[in-house]
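*Asks:* Contents are mmCIF, C-alpha atoms (C1' of nucleotides); file name input_23.cif:
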data_final
loop_
_atom_site.label_atom_id
_atom_site.label_comp_id
_atom_site.auth_asym_id
_atom_site.auth_seq_id
_atom_site.Cartn_x
_atom_site.Cartn_y
_atom_site.Cartn_z
CA MET G 1 -32.88 -36.16 -35.30
CA SER G 2 -36.30 -36.70 -33.70
CA ASP G 3 -35.85 -36.07 -29.98
CA ASP G 4 -32.62 -34.22 -30.41
CA ALA G 5 -34.07 -30.76 -30.61
CA LEU G 6 -35.93 -31.27 -27.36
CA GLN G 7 -32.87 -32.69 -25.67
CA ARG G 8 -30.73 -29.91 -26.98
CA THR G 9 -33.10 -27.24 -25.82
CA ARG G 10 -33.34 -28.77 -22.39
CA ASN G 11 -29.60 -29.04 -22.06
CA GLN G 12 -28.89 -25.57 -23.30
CA PHE G 13 -31.43 -23.99 -21.04
CA VAL G 14 -30.43 -26.08 -18.04
CA ARG G 15 -26.77 -25.32 -18.47
CA ARG G 16 -27.31 -21.60 -18.68
CA TRP G 17 -29.75 -21.53 -15.81
CA GLY G 18 -27.23 -23.41 -13.73
CA GLU G 19 -24.50 -20.94 -14.55
CA MET G 20 -26.76 -18.07 -13.67
CA GLY G 21 -27.75 -19.68 -10.42
CA ALA G 22 -24.11 -20.18 -9.57
CA THR G 23 -23.37 -16.48 -9.91
CA TRP G 24 -26.41 -15.82 -7.75
CA GLY G 25 -25.21 -17.83 -4.80
CA ILE G 26 -27.25 -20.91 -5.58
CA SER G 27 -25.40 -24.13 -6.14
CA ARG G 28 -25.08 -25.00 -9.78
CA THR G 29 -26.73 -28.37 -9.35
CA MET G 30 -29.67 -26.95 -7.48
CA ALA G 31 -30.24 -24.40 -10.22
CA GLU G 32 -29.87 -27.07 -12.89
CA ILE G 33 -32.38 -29.29 -11.18
CA HIS G 34 -34.79 -26.42 -10.95
CA ALA G 35 -34.31 -25.59 -14.61
CA LEU G 36 -34.77 -29.19 -15.63
CA LEU G 37 -37.99 -29.50 -13.66
CA PHE G 38 -39.24 -26.23 -15.05
CA ILE G 39 -38.56 -26.85 -18.69
CA THR G 40 -39.72 -30.46 -18.56
CA GLY G 41 -42.95 -29.54 -16.83
CA LYS G 42 -43.61 -33.15 -15.91
CA PRO G 43 -42.79 -34.90 -12.65
CA LEU G 44 -39.27 -36.31 -12.58
CA CYS G 45 -37.75 -38.75 -10.11
CA THR G 46 -34.30 -38.86 -8.61
CA ASP G 47 -33.07 -41.26 -11.26
CA ASP G 48 -34.24 -38.99 -14.05
CA VAL G 49 -32.29 -36.15 -12.52
CA MET G 50 -29.20 -38.30 -12.00
CA GLN G 51 -29.30 -39.45 -15.55
CA GLN G 52 -30.01 -36.14 -17.25
CA LEU G 53 -27.63 -34.11 -15.14
CA GLU G 54 -25.02 -36.84 -14.65
CA VAL G 55 -24.74 -36.39 -10.92
CA SER G 56 -24.59 -38.87 -8.06
CA ARG G 57 -27.58 -40.10 -6.17
CA GLY G 58 -26.58 -38.25 -3.03
CA ASN G 59 -26.14 -35.02 -4.87
CA ALA G 60 -29.47 -35.33 -6.61
CA SER G 61 -31.19 -36.16 -3.35
CA MET G 62 -29.65 -33.27 -1.43
CA ASN G 63 -30.37 -30.69 -4.07
CA LEU G 64 -33.85 -31.90 -4.81
CA ARG G 65 -34.52 -31.36 -1.16
CA GLN G 66 -33.16 -27.83 -1.41
CA VAL G 67 -35.35 -27.05 -4.37
CA VAL G 68 -38.33 -28.26 -2.37
CA ASN G 69 -37.20 -26.27 0.70
CA TRP G 70 -37.06 -23.12 -1.34
CA GLY G 71 -40.61 -23.84 -2.46
CA LEU G 72 -39.61 -24.09 -6.10
CA ALA G 73 -40.91 -27.62 -6.52
CA ARG G 74 -43.04 -30.04 -4.61
CA ARG G 75 -42.98 -33.76 -4.11
CA THR G 76 -45.53 -35.81 -5.92
CA HIS G 77 -46.21 -39.38 -7.00
CA VAL G 78 -47.18 -41.17 -10.13
CA ARG G 79 -49.68 -43.99 -9.79
CA GLY G 80 -48.25 -47.45 -9.95
CA ASP G 81 -44.77 -46.23 -9.08
CA ARG G 82 -43.20 -46.36 -5.68
CA LYS G 83 -40.70 -43.62 -6.32
CA GLU G 84 -41.02 -40.01 -5.32
CA TYR G 85 -41.41 -37.51 -8.10
CA PHE G 86 -40.82 -33.80 -8.19
CA ILE G 87 -42.61 -31.14 -10.13
CA SER G 88 -41.85 -27.45 -10.28
CA ASP G 89 -43.73 -24.22 -10.45
CA GLN G 90 -45.05 -23.58 -13.91
CA SER G 91 -44.69 -19.85 -14.27
CA ALA G 92 -41.79 -17.45 -14.17
CA TRP G 93 -43.87 -15.11 -12.07
CA GLU G 94 -44.43 -17.69 -9.35
CA MET G 95 -40.75 -18.53 -9.43
CA PHE G 96 -39.90 -14.90 -9.00
CA GLU G 97 -42.20 -14.52 -6.02
CA THR G 98 -40.83 -17.63 -4.37
CA ILE G 99 -37.23 -16.70 -4.90
CA THR G 100 -37.76 -13.12 -3.82
CA ARG G 101 -39.44 -14.17 -0.62
CA GLU G 102 -36.75 -16.69 0.16
CA ARG G 103 -33.87 -14.36 -0.54
CA HIS G 104 -35.51 -11.64 1.45
CA ARG G 105 -35.73 -13.93 4.42
CA ARG G 106 -32.20 -15.22 4.06
CA GLU G 107 -30.32 -12.11 3.03
CA VAL G 108 -32.23 -8.91 3.38
CA GLU G 109 -33.54 -9.47 6.87
CA PRO G 110 -30.09 -10.10 8.36
CA ILE G 111 -28.69 -6.93 6.83
CA ILE G 112 -31.63 -4.93 8.12
CA GLU G 113 -31.01 -6.29 11.56
CA THR G 114 -27.31 -5.49 11.40
CA ILE G 115 -27.97 -1.93 10.33
CA ASP G 116 -30.48 -1.47 13.13
CA ASP G 117 -27.88 -2.74 15.57
CA CYS G 118 -25.21 -0.47 14.18
CA ARG G 119 -27.39 2.58 14.40
CA SER G 120 -28.52 2.02 17.97
CA ASP G 121 -24.95 1.21 18.91
CA LEU G 122 -23.85 4.53 17.48
CA ALA G 123 -26.63 6.40 19.20
CA GLN G 124 -25.68 4.88 22.53
CA ALA G 125 -22.04 5.72 22.10
CA MET G 126 -22.65 9.33 21.02
CA ASP G 127 -22.34 10.82 24.50
CA ALA G 128 -18.90 9.45 25.09
CA LEU G 129 -17.49 10.85 21.84
CA ASP G 130 -15.65 14.09 21.36
CA SER G 131 -16.97 16.50 18.78
CA LYS G 132 -14.83 15.24 15.92
CA GLN G 133 -15.80 11.65 16.50
CA LYS G 134 -19.35 12.74 16.89
CA ALA G 135 -19.25 14.24 13.43
CA THR G 136 -17.93 10.98 12.01
CA ALA G 137 -20.54 9.01 13.85
CA GLU G 138 -23.23 11.21 12.40
CA GLU G 139 -21.87 10.64 8.92
CA TYR G 140 -21.89 6.90 9.46
CA ASP G 141 -25.40 7.12 10.71
CA ARG G 142 -26.50 9.09 7.68
CA ARG G 143 -25.11 6.43 5.36
CA LEU G 144 -26.66 3.61 7.32
CA LYS G 145 -29.99 5.36 7.26
CA ASP G 146 -29.61 5.86 3.55
CA ILE G 147 -29.39 2.12 3.06
CA GLN G 148 -32.28 1.54 5.42
CA ASP G 149 -34.45 3.93 3.47
CA PHE G 150 -33.44 2.34 0.22
CA ILE G 151 -34.33 -1.11 1.49
CA SER G 152 -37.69 0.14 2.76
CA ALA G 153 -38.45 1.68 -0.60
CA MET G 154 -37.55 -1.54 -2.40
CA ASN G 155 -39.68 -3.54 -0.06
CA ALA G 156 -42.59 -1.23 -0.66
CA LEU G 157 -42.10 -1.51 -4.40
CA LEU G 158 -41.89 -5.28 -4.26
CA ASN G 159 -45.02 -5.48 -2.17
CA ILE G 160 -46.90 -3.36 -4.61
CA VAL G 161 -45.67 -5.30 -7.60
CA MET G 162 -46.47 -8.61 -6.01
CA SER G 163 -49.88 -7.71 -4.73
CA THR G 164 -50.79 -6.30 -8.12
CA GLY G 165 -50.12 -9.62 -9.81
CA SER G 166 -48.35 -10.49 -13.00
CA LYS G 167 -51.18 -9.88 -15.45
CA ARG G 168 -51.96 -6.37 -14.37
CA ILE G 169 -48.30 -5.45 -13.99
CA ALA G 170 -47.61 -6.59 -17.51
CA LYS G 171 -50.41 -4.39 -18.82
CA LEU G 172 -49.34 -1.41 -16.77
CA LEU G 173 -45.78 -1.72 -17.93
CA ALA G 174 -46.80 -2.09 -21.53
CA ALA G 175 -48.80 1.11 -21.23
CA ALA G 176 -46.02 2.93 -19.43
CA GLY G 177 -43.57 1.73 -22.05
CA LYS G 178 -45.58 3.44 -24.80
CA PHE G 179 -45.47 6.65 -22.85
CA ALA G 180 -41.74 6.43 -22.37
CA GLN G 181 -41.13 6.20 -26.08
CA MET U 1 -13.84 3.64 24.58
CA SER U 2 -13.48 6.67 22.29
CA ASP U 3 -12.98 5.27 18.79
CA ASP U 4 -14.35 1.88 19.62
CA ALA U 5 -17.92 2.57 18.70
CA LEU U 6 -16.90 3.74 15.26
CA GLN U 7 -14.58 0.79 14.78
CA ARG U 8 -17.23 -1.58 15.98
CA THR U 9 -19.85 -0.15 13.67
CA ARG U 10 -17.53 -0.33 10.71
CA ASN U 11 -16.57 -3.89 11.46
CA GLN U 12 -20.08 -5.07 12.05
CA PHE U 13 -21.39 -3.48 8.90
CA VAL U 14 -18.45 -4.61 6.81
CA ARG U 15 -18.70 -8.18 8.03
CA ARG U 16 -22.39 -8.43 7.24
CA TRP U 17 -22.08 -6.75 3.88
CA GLY U 18 -19.34 -9.18 3.04
CA GLU U 19 -21.47 -12.14 3.98
CA MET U 20 -24.31 -10.82 1.91
CA GLY U 21 -22.06 -10.22 -1.04
CA ALA U 22 -20.79 -13.77 -0.76
CA THR U 23 -24.28 -15.22 -1.07
CA TRP U 24 -24.79 -12.91 -4.05
CA GLY U 25 -21.93 -14.27 -6.05
CA ILE U 26 -19.53 -11.47 -5.19
CA SER U 27 -16.34 -12.43 -3.47
CA ARG U 28 -16.40 -11.72 0.25
CA THR U 29 -13.36 -9.50 0.13
CA MET U 30 -14.68 -7.42 -2.72
CA ALA U 31 -17.91 -6.86 -0.86
CA GLU U 32 -16.05 -6.05 2.33
CA ILE U 33 -13.89 -3.53 0.56
CA HIS U 34 -16.92 -1.93 -0.91
CA ALA U 35 -18.63 -1.79 2.47
CA LEU U 36 -15.56 -0.31 4.09
CA LEU U 37 -15.25 2.39 1.46
CA PHE U 38 -18.93 3.13 1.71
CA ILE U 39 -19.20 3.43 5.46
CA THR U 40 -15.93 5.29 5.81
CA GLY U 41 -16.87 7.80 3.15
CA LYS U 42 -13.31 9.05 2.87
CA PRO U 43 -10.65 7.94 0.40
CA LEU U 44 -8.72 4.89 1.57
CA CYS U 45 -5.50 3.47 0.19
CA THR U 46 -4.44 -0.13 -0.28
CA ASP U 47 -2.66 -0.19 3.07
CA ASP U 48 -5.76 1.03 4.88
CA VAL U 49 -7.72 -1.80 3.34
CA MET U 50 -5.03 -4.37 4.12
CA GLN U 51 -4.90 -3.23 7.71
CA GLN U 52 -8.61 -2.94 8.38
CA LEU U 53 -9.59 -6.11 6.59
CA GLU U 54 -6.46 -8.11 7.39
CA VAL U 55 -5.84 -9.27 3.88
CA SER U 56 -2.71 -9.47 1.79
CA ARG U 57 -1.51 -6.75 -0.52
CA GLY U 58 -2.24 -8.80 -3.61
CA ASN U 59 -5.73 -9.53 -2.48
CA ALA U 60 -6.46 -5.92 -1.65
CA SER U 61 -5.08 -4.81 -4.99
CA MET U 62 -7.06 -7.35 -7.01
CA ASN U 63 -10.33 -6.67 -5.30
CA LEU U 64 -9.96 -2.91 -5.27
CA ARG U 65 -9.60 -3.20 -8.98
CA GLN U 66 -12.80 -5.23 -9.14
CA VAL U 67 -14.69 -2.67 -7.12
CA VAL U 68 -13.51 0.00 -9.53
CA ASN U 69 -14.38 -2.17 -12.53
CA TRP U 70 -17.90 -2.56 -11.26
CA GLY U 71 -18.08 1.19 -10.99
CA LEU U 72 -18.66 1.10 -7.25
CA ALA U 73 -15.64 3.21 -6.44
CA ARG U 74 -13.16 5.35 -8.28
CA ARG U 75 -9.48 6.04 -7.94
CA THR U 76 -8.44 9.31 -6.45
CA HIS U 77 -5.47 10.97 -4.83
CA VAL U 78 -4.75 12.98 -1.73
CA ARG U 79 -2.41 15.91 -2.09
CA GLY U 80 1.06 15.36 -0.81
CA ASP U 81 0.69 11.59 -0.98
CA ARG U 82 1.95 9.45 -3.77
CA LYS U 83 -0.37 6.55 -3.09
CA GLU U 84 -3.58 5.83 -4.90
CA TYR U 85 -6.74 6.23 -2.93
CA PHE U 86 -10.19 4.86 -3.51
CA ILE U 87 -13.52 6.39 -2.72
CA SER U 88 -16.93 4.86 -3.20
CA ASP U 89 -20.34 5.96 -4.25
CA GLN U 90 -22.06 7.83 -1.51
CA SER U 91 -25.65 6.75 -1.85
CA ALA U 92 -27.45 3.45 -1.70
CA TRP U 93 -29.44 4.44 -4.72
CA GLU U 94 -26.35 4.96 -6.87
CA MET U 95 -24.99 1.66 -5.64
CA PHE U 96 -28.20 -0.03 -6.62
CA GLU U 97 -28.12 1.43 -10.11
CA THR U 98 -24.53 0.46 -10.61
CA ILE U 99 -24.98 -3.07 -9.37
CA THR U 100 -28.17 -3.57 -11.30
CA ARG U 101 -26.60 -2.44 -14.53
CA GLU U 102 -23.57 -4.61 -14.02
CA ARG U 103 -25.52 -7.72 -13.12
CA HIS U 104 -27.85 -7.18 -15.99
CA ARG U 105 -24.95 -7.10 -18.37
CA ARG U 106 -23.23 -10.10 -16.83
CA GLU U 107 -26.14 -12.35 -16.03
CA VAL U 108 -29.42 -11.30 -17.54
CA GLU U 109 -28.20 -10.70 -21.06
CA PRO U 110 -26.67 -14.16 -21.41
CA ILE U 111 -29.85 -15.86 -20.28
CA ILE U 112 -31.90 -13.77 -22.69
CA GLU U 113 -29.61 -14.82 -25.47
CA THR U 114 -29.82 -18.47 -24.52
CA ILE U 115 -33.58 -18.39 -24.45
CA ASP U 116 -33.70 -16.72 -27.84
CA ASP U 117 -31.44 -19.44 -29.17
CA CYS U 118 -33.53 -22.18 -27.64
CA ARG U 119 -36.72 -20.82 -29.10
CA SER U 120 -35.44 -20.41 -32.61
CA ASP U 121 -33.85 -23.82 -32.38
CA LEU U 122 -37.21 -25.29 -31.45
CA ALA U 123 -38.99 -23.42 -34.22
CA GLN U 124 -36.50 -24.72 -36.76
CA ALA U 125 -36.85 -28.27 -35.58
CA MET U 126 -40.65 -28.26 -35.50
CA ASP U 127 -41.15 -29.63 -39.00
CA ALA U 128 -39.12 -32.73 -38.35
CA LEU U 129 -41.09 -33.68 -35.23
CA ASP U 130 -43.99 -36.05 -35.00
CA SER U 131 -47.18 -34.78 -33.44
CA LYS U 132 -46.36 -35.90 -29.93
CA GLN U 133 -42.95 -34.33 -29.96
CA LYS U 134 -44.45 -31.26 -31.49
CA ALA U 135 -46.78 -30.94 -28.52
CA THR U 136 -43.84 -31.16 -26.14
CA ALA U 137 -41.88 -28.64 -28.14
CA GLU U 138 -44.80 -26.26 -27.96
CA GLU U 139 -44.95 -26.67 -24.21
CA TYR U 140 -41.25 -25.94 -23.92
CA ASP U 141 -41.68 -22.92 -26.08
CA ARG U 142 -44.53 -21.65 -23.95
CA ARG U 143 -42.39 -21.87 -20.83
CA LEU U 144 -39.45 -20.19 -22.47
CA LYS U 145 -41.67 -17.41 -23.68
CA ASP U 146 -43.06 -17.07 -20.19
CA ILE U 147 -39.59 -16.35 -18.87
CA GLN U 148 -38.86 -13.99 -21.72
CA ASP U 149 -42.00 -12.03 -20.99
CA PHE U 150 -41.18 -11.93 -17.34
CA ILE U 151 -37.71 -10.61 -18.01
CA SER U 152 -39.09 -7.97 -20.36
CA ALA U 153 -41.55 -6.84 -17.73
CA MET U 154 -38.83 -6.61 -15.11
CA ASN U 155 -36.62 -4.66 -17.44
CA ALA U 156 -39.43 -2.25 -18.15
CA LEU U 157 -40.07 -1.86 -14.45
CA LEU U 158 -36.42 -1.27 -13.70
CA ASN U 159 -36.15 1.31 -16.44
CA ILE U 160 -39.11 3.18 -15.12
CA VAL U 161 -37.86 3.07 -11.56
CA MET U 162 -34.40 4.20 -12.54
CA SER U 163 -35.47 6.98 -14.83
CA THR U 164 -37.84 8.27 -12.20
CA GLY U 165 -35.03 8.72 -9.71
CA SER U 166 -34.79 7.92 -6.06
CA LYS U 167 -36.44 11.01 -4.63
CA ARG U 168 -39.59 10.77 -6.63
CA ILE U 169 -39.80 7.02 -6.23
CA ALA U 170 -39.54 7.39 -2.48
CA LYS U 171 -42.42 9.86 -2.47
CA LEU U 172 -44.55 7.76 -4.78
CA LEU U 173 -44.01 4.70 -2.67
CA ALA U 174 -44.78 6.54 0.52
CA ALA U 175 -48.04 7.71 -1.00
CA ALA U 176 -48.85 4.25 -2.33
CA GLY U 177 -48.04 2.81 1.06
CA LYS U 178 -50.71 4.96 2.70
CA PHE U 179 -53.24 3.72 0.20
CA ALA U 180 -52.36 0.12 0.82
CA GLN U 181 -53.02 0.45 4.52
"C1'" DC A 1 -41.38 -60.36 8.87
"C1'" DA A 2 -38.21 -61.03 5.36
"C1'" DA A 3 -37.14 -59.20 1.06
"C1'" DT A 4 -36.96 -55.57 -1.91
"C1'" DC A 5 -36.85 -51.07 -3.32
"C1'" DA A 6 -36.21 -46.04 -2.41
"C1'" DT A 7 -34.24 -42.27 0.13
"C1'" DT A 8 -31.15 -39.98 3.16
"C1'" DT A 9 -26.96 -39.26 5.39
"C1'" DC A 10 -22.16 -38.31 5.89
"C1'" DA A 11 -17.15 -38.95 5.88
"C1'" DA A 12 -13.93 -38.75 2.38
"C1'" DT A 13 -12.71 -36.65 -1.79
"C1'" DC A 14 -12.65 -33.46 -5.30
"C1'" DC A 15 -12.77 -29.01 -7.32
"C1'" DA A 16 -12.99 -24.07 -7.96
"C1'" DT A 17 -12.21 -19.99 -6.10
"C1'" DT A 18 -9.75 -17.10 -3.14
"C1'" DT A 19 -5.74 -15.70 -0.96
"C1'" DT A 20 -0.98 -15.15 -0.26
"C1'" DG A 21 3.67 -13.35 -0.80
"C1'" DA A 22 7.37 -12.59 -3.38
"C1'" DA A 23 8.99 -10.91 -7.69
"C1'" DA A 24 8.41 -7.92 -11.51
"C1'" DG A 25 6.92 -3.64 -13.34
"C1'" DG A 26 6.23 1.51 -13.46
"C1'" DG A 27 6.89 5.99 -12.04
"C1'" DT A 28 8.79 9.67 -9.36
"C1'" DT A 29 12.46 12.08 -6.98
"C1'" DG A 30 16.88 13.88 -5.66
"C1'" DC H 1 20.30 7.06 -13.27
"C1'" DA H 2 20.05 5.07 -8.91
"C1'" DA H 3 17.22 4.69 -5.03
"C1'" DC H 4 12.79 4.58 -3.54
"C1'" DC H 5 7.93 3.86 -3.32
"C1'" DC H 6 3.84 1.98 -4.86
"C1'" DT H 7 1.17 -1.19 -7.71
"C1'" DT H 8 0.33 -5.22 -10.22
"C1'" DT H 9 0.96 -9.88 -11.38
"C1'" DC H 10 1.04 -14.75 -10.82
"C1'" DA H 11 2.38 -19.37 -9.30
"C1'" DA H 12 1.65 -21.88 -5.26
"C1'" DA H 13 -1.05 -22.83 -1.13
"C1'" DA H 14 -5.17 -22.58 1.50
"C1'" DT H 15 -9.87 -22.59 1.97
"C1'" DG H 16 -14.58 -23.56 1.58
"C1'" DG H 17 -18.16 -25.64 -0.81
"C1'" DA H 18 -19.83 -29.23 -3.81
"C1'" DT H 19 -19.89 -34.04 -4.95
"C1'" DT H 20 -19.47 -38.83 -4.45
"C1'" DG H 21 -20.59 -43.45 -3.06
"C1'" DA H 22 -21.42 -46.62 0.18
"C1'" DA H 23 -23.77 -47.60 4.38
"C1'" DA H 24 -27.79 -46.64 7.18
"C1'" DT H 25 -32.38 -45.70 7.39
"C1'" DG H 26 -37.08 -45.96 6.05
"C1'" DA H 27 -40.99 -47.67 3.45
"C1'" DT H 28 -43.69 -51.03 0.91
"C1'" DT H 29 -44.87 -55.60 -0.60
"C1'" DG H 30 -45.98 -60.48 -0.83
#
For this file, write the structure as structure tokens.

*Replies:*
Amino acid sequence: MSDDALQRTRNQFVRRWGEMGATWGISRTMAEIHALLFITGKPLCTDDVMQQLEVSRGNASMNLRQVVNWGLARRTHVRGDRKEYFISDQSAWEMFETITRERHRREVEPIIETIDDCRSDLAQAMDALDSKQKATAEEYDRRLKDIQDFISAMNALLNIVMSTGSKRIAKLLAAAGKFAQ
Amino acid sequence: MSDDALQRTRNQFVRRWGEMGATWGISRTMAEIHALLFITGKPLCTDDVMQQLEVSRGNASMNLRQVVNWGLARRTHVRGDRKEYFISDQSAWEMFETITRERHRREVEPIIETIDDCRSDLAQAMDALDSKQKATAEEYDRRLKDIQDFISAMNALLNIVMSTGSKRIAKLLAAAGKFAQ
DNA sequence: CAATCATTTCAATCCATTTTGAAAGGGTTG
DNA sequence: CAACCCTTTCAAAATGGATTGAAATGATTG
């Protein structure tokens, strides 16, 4: 049974991480690659990934690139080998920071921009509206602002959490947790 | 141009919210329906949704159900009308709580379970491993624990944030923001 | 610089999810 | 209870995204 437990653990973790990634808008393979790199901890090459995940060379190549683009792994080399190797972040905290930053850039920023646009559009149009429409427009604006404020608050919270660092946050939360009980 | 500005705002917001939802593992239509209900603020019926979003009856029906299942909207009725109407949460904060809870249940809990399984699996197998494998197993375990701890910390943070409530959090963050500058 | 090895690209294919529309189901009304 | 209205269901079709594999590109070596 020697290696089996290690294999099994890797597979189980990788599979689940992949499924999770998929429901989070990240391609299953990309998430699996990330999980594999993370759990393994050592540099892996394209062939390792192909073999362990049973995917094609092209697929492995594409998704390894994505993982690197997201900043979740970096390219590296092992001496005496011509191939490229990949190694991932080693801590969940780093992963979290990386992913948060990336998703913020890709998803939060566009929605912020859209809401800004919507609100200034509404403001511009106000004059030309009759009183009933004006009331509706004001309601819309209130809701849009509500989201804006929420996003600002979340950003502030994230900034605080991130600039505090994992160690201190963990301690703070442990302390706060005792209070809560 | 009367209604146009309102239409335009709705469409713009709905489209973007839909796109965002799609990259978050929520079907585009479901997200669009949610956005439409949110921005409109008034109860809408299936036909309204079909018309505004240009989707089929079946699609509207299915996804309205989903939105209700997630707890993002509830069924309601307007007097003198036999149809069912749907109305959504009115605040971003409520939406956040609802979505967070739902995603936790659907995605975080399974990964927690998997990691638990992996770790006890590893612990069980330890005895049968030679020293080198044992070292690897310990590394794996360390990484799994790292994720576990991270998830616990995040849960604690979320609980605190949610039990504090939006108003107070907003104030706290505003105050903290001034410090940070 | 030819040979070898590694990586990337991309058109074709595959697959999963979403969407449709028509039929079935449920309820209400005169 | 028949006619009507609304909702749900579901098999079939459409769509969009992921995957493949082979060819092109790039890099290293003797």

*Asks:* Define the interface residues of chain A facing chain U as those within 10 Å, counting all atoms listed in the file, and report them as a list in words.

*Replies:*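 On the chain A side, the interface is DT17, DT18, DT19, DT20, DG21 and DT28 of chain A.
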
*Asks:* With C-alpha atoms (C1' of nucleotides) retained, could you export that selection as a short mmCIF file (atom, residue, chain, number, x, y, z; two decimals), in the coordinates of the input?

*Replies:*
data_model
loop_
_atom_site.label_atom_id
_atom_site.label_comp_id
_atom_site.auth_asym_id
_atom_site.auth_seq_id
_atom_site.Cartn_x
_atom_site.Cartn_y
_atom_site.Cartn_z
"C1'" DT A 17 -12.21 -19.99 -6.10
"C1'" DT A 18 -9.75 -17.10 -3.14
"C1'" DT A 19 -5.74 -15.70 -0.96
"C1'" DT A 20 -0.98 -15.15 -0.26
"C1'" DG A 21 3.67 -13.35 -0.80
"C1'" DT A 28 8.79 9.67 -9.36
#

*Asks:* Once you count all atoms listed in the file, which residues of chain H turn out to be within 8 Å of chain G? Could you give them as number ranges by chain?

*Replies:* H: 18-21

*Asks:* Going by the chain IDs and residue numbers used in this file, which residues fall under the PyMOL selection byres ((chain G) within 7 of (chain U))? Write them as number ranges by chain.

*Replies:* G: 2, 5-6, 9, 13, 16, 20, 23-25, 39, 91-93, 107, 111, 114-115, 118, 122, 125, 128-129, 137, 140, 143, 146-147, 150, 153, 156-157, 170, 173, 177

*Asks:* Residues picked by the PyMOL selection byres ((chain G and resi 75) around 10) here, as a list of chain:residue names?

*Replies:*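 Applying the PyMOL selection byres ((chain G and resi 75) around 10) to the structure shown produces G:Pro43, G:Leu44, G:Cys45, G:Leu64, G:Arg65, G:Val68, G:Ala73, G:Arg74, G:Thr76, G:His77, G:Glu84, G:Tyr85, G:Phe86, G:Ile87, G:Ser88.
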
*Asks:* Could you work out how far atom CA of G:Asp48 lies from atom C1' of A:DA12, giving the answer in Å with one decimal?

*Replies:*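 It comes out at 26.1 Å.
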
*Asks:* What is the atom CA of G:Glu138-atom CA of G:Glu109 distance in Å, reported with one decimal?

*Replies:*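 So the answer is 23.8 Å.
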
*Asks:* Find the distance between atom CA of G:Glu32 and atom C1' of H:DA24 and write it in Å to one decimal.

*Replies:* 28.1 Å
